[in-house]
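**Student:** The structure is given below, and queries will be raised subsequently.
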Amino acid sequence: MERGSRESFTRMGTLGIEEECFVVDERGRPTSGTDALVYDHEPPAILDERLDHELFKCVIETQTPLIERPSDAESALLEVRNALLEHAQRHGYGIAAAGLHPLARWRELEHAEKSRYRSQLDRIQYPQHRNTTAGVHVHVGVDDADKAVWIANELRWFVPIMLALSVNSPFWNGFDTGLQSARAKLFEGLPNTGMPTYFEDFEAFDRFERRMIDTGSIEDRGELWYDVRPHTGHGTVEVRTPDGQADPDIVMAFVEYTHALVTDLAAAYEDGESPHEHRRELLDENKWRAIRHGHEAHFIDRDLEGTVSLGEVVERECDRLDIDGIRDIYERESGATQQRRVLSNGGVDALCASLLLDSS
């Protein structure tokens with residue numbers, strides 16, 4: 001069984017970006033195109049071994065190469081996006097992005113043939129059969145395993161903030177859920193998802209990961225699908241919270257924020273700051289508020305004294321970390337609100353068009 005180790009954590013501040021997107025037909029509807037794009041035709045060089053399908057044949061995943069400097073992140077993301085779009089268009093497909101595609105009806109879509117996914121379908125059953133989700137994952141390198149676990153623990157309070165800013169999945173299976181991120185709630189139907197618990201150190205996390213594999217609970221470490229986790233293979237802390245996004249500027253805002261948070265928390269760890277041993281139930285409440293209310297959410301504050309609005313958190317974080325991307329996201333219409341508005345004003349065709357991937 002595939003496992004990582006303490007020795008993987010060697011470099012601080014590197015980046016990697018993973019995006020899950022939908023393969024769509026000429027009308028913008030999800031279609032089973034990943035076999036053609038992943039297996040049947042050779043992809044552009046930048047996508048070699050960085051292109052794969054997910055559970056459904058309409059969901060495709062890309063990964064950037066290792067990004068050494070944060071200043072190179074945007075160009076790396078756009079190079080991968082442009083290559084994916086060119087590859088898809090050459091073979092008669094389009095690419096769309098959101099947390100859920102509003103017209104992805106899971107009963108009518110094909111699952112991938114890959115043995116890993118077939119095993120998951122057999123083991124998990126209904127929750128996995130309906131899992132048409134797509135997200136953004138950001139990896140930040142950390143140079144010490146215990147530090148990585150400490151940072152991941154601390155990031156738990158911040159991931160509902162990222163989710164609230166990213167909400168982009170109000171519709172599931174053709175139905176308006178009344179949620180801002182139905183993806184996040186739907187994904188929580190799988191085992192080993194959602195808000196992780198607190199781990200005392202790397203030994204505790206490693207023991208948990210090993211026990212899950214040894215007991216047959218998971219087939220490999222990749223099936224620990226928590227919102228944030230130490231990645232024991234890549235030597236990173238991985239944030240898996242945001243909904244998929246068509247606009248690369250939104251993705252880059254989360255990359256900027258995640259990198260700044262990890263860097264700041266690494267310094268706090270090195271300074272010997274005491275951790276916040278938050279109960280997972282309180283963090284789950286914050287995540288629910290993000291799922292339900294998006295940009296209008298109020299959260300239990302980090303000190304657990306009272307509540308704070310998303311807008312207040314955004315201003316505080318931008319000032320504290322000297323960033324501005326998440327402020328730009330907060331000040332614009334949320335993805336969920338935009339989807340509902342576009343559907344109301346322009347209908348289903350306009351909604352599908354609005355989700356097409358933007359590489360500029």
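Note on naming: chains are A, B, ... as they come in the structure tokens, residues start from 1 per chain, ligands start from 1 in the order shown.
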Quick one: DSSP helix (DSSP H, G or I) residues in stretch 122-209 of chain A, as a PyMOL selection string?

**Tutor:** chain A and resi 122-124+126-129+145-155+159-166+182-187+202-209

**Student:** If you run DSSP over the backbone, which residues in stretch 19-239 of chain A end up strand (DSSP E or B)? Put them as a count of residues only.

**Tutor:** 48

**Student:** Can you build me a table of stretch 170-264 of chain A residues sitting at most 7 Å from stretch 102-113 of chain A, with the closest atom pair per residue and its distance in Å to one decimal, using only C-alpha atoms, sorted by chain and residue number, as JSON lines?

**Tutor:**
{"residue": "A:Phe171", "atom": "CA", "partner": "A:Pro102", "partner_atom": "CA", "distance": 4.9}
{"residue": "A:Trp172", "atom": "CA", "partner": "A:Pro102", "partner_atom": "CA", "distance": 5.5}
{"residue": "A:Asn173", "atom": "CA", "partner": "A:Arg105", "partner_atom": "CA", "distance": 4.6}
{"residue": "A:Gly174", "atom": "CA", "partner": "A:Leu103", "partner_atom": "CA", "distance": 5.3}

**Student:** Which residue gives the smallest distance to A:Leu15 among A:Gly33, A:Gly235, A:Gly178, A:Gly222, with only C-alpha atoms counted?

**Tutor:**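 Distance minimum relative to A:Leu15 lands on A:Gly235.
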
**Student:** Once you count only C-alpha atoms, what closest atom pair and distance in Å to one decimal does each residue of stretch 211-282 of chain A within 12 Å of stretch 78-91 of chain A have, with rows by chain and rising residue number, as a tab-separated table?

**Tutor:**
residue	atom	partner	partner_atom	distance
A:Gln245	CA	A:Arg81	CA	11.8
A:Ala246	CA	A:Arg81	CA	10.2
A:Asp247	CA	A:Leu78	CA	10.6
A:Pro248	CA	A:Leu78	CA	7.6
A:Asp249	CA	A:Leu78	CA	10.1
A:Val251	CA	A:Leu78	CA	10.6
A:Met252	CA	A:Leu78	CA	10.2

**Student:** Can you measure atom CA of A:Gly335 to atom CA of A:Glu188 for me? One decimal in Å is fine.

**Tutor:**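 The value is 20.4 Å.
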
**Student:** Can you tell me how far atom CA of A:Asp143 sits from atom CA of A:Leu155, in Å to one decimal?

**Tutor:**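 Atom CA of A:Leu155 lies at a distance of 16.8 Å from atom CA of A:Asp143.
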
**Student:** Using only C-alpha atoms, which residues sit within 12 Å of A:Thr177 once same-chain residues fewer than 2 positions away are excluded, as a list in words?

**Tutor:**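 Neighbouring residues, sequence-local ones excluded: Leu100, Pro102, Ser169, Pro170, Phe171, Trp172, Asn173, Gly174, Phe175, Leu179, Gln180, Ser181, Ala182, Arg183, Lys185, Leu186, Ile291, Arg292, Ala336 and Arg340 of chain A.
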
**Student:** Write out as a ChimeraX atom specification the residues lying within 7 Å of A:Ser8, counting only C-alpha atoms and excluding same-chain residues fewer than 6 positions away.

**Tutor:** /A:232-235
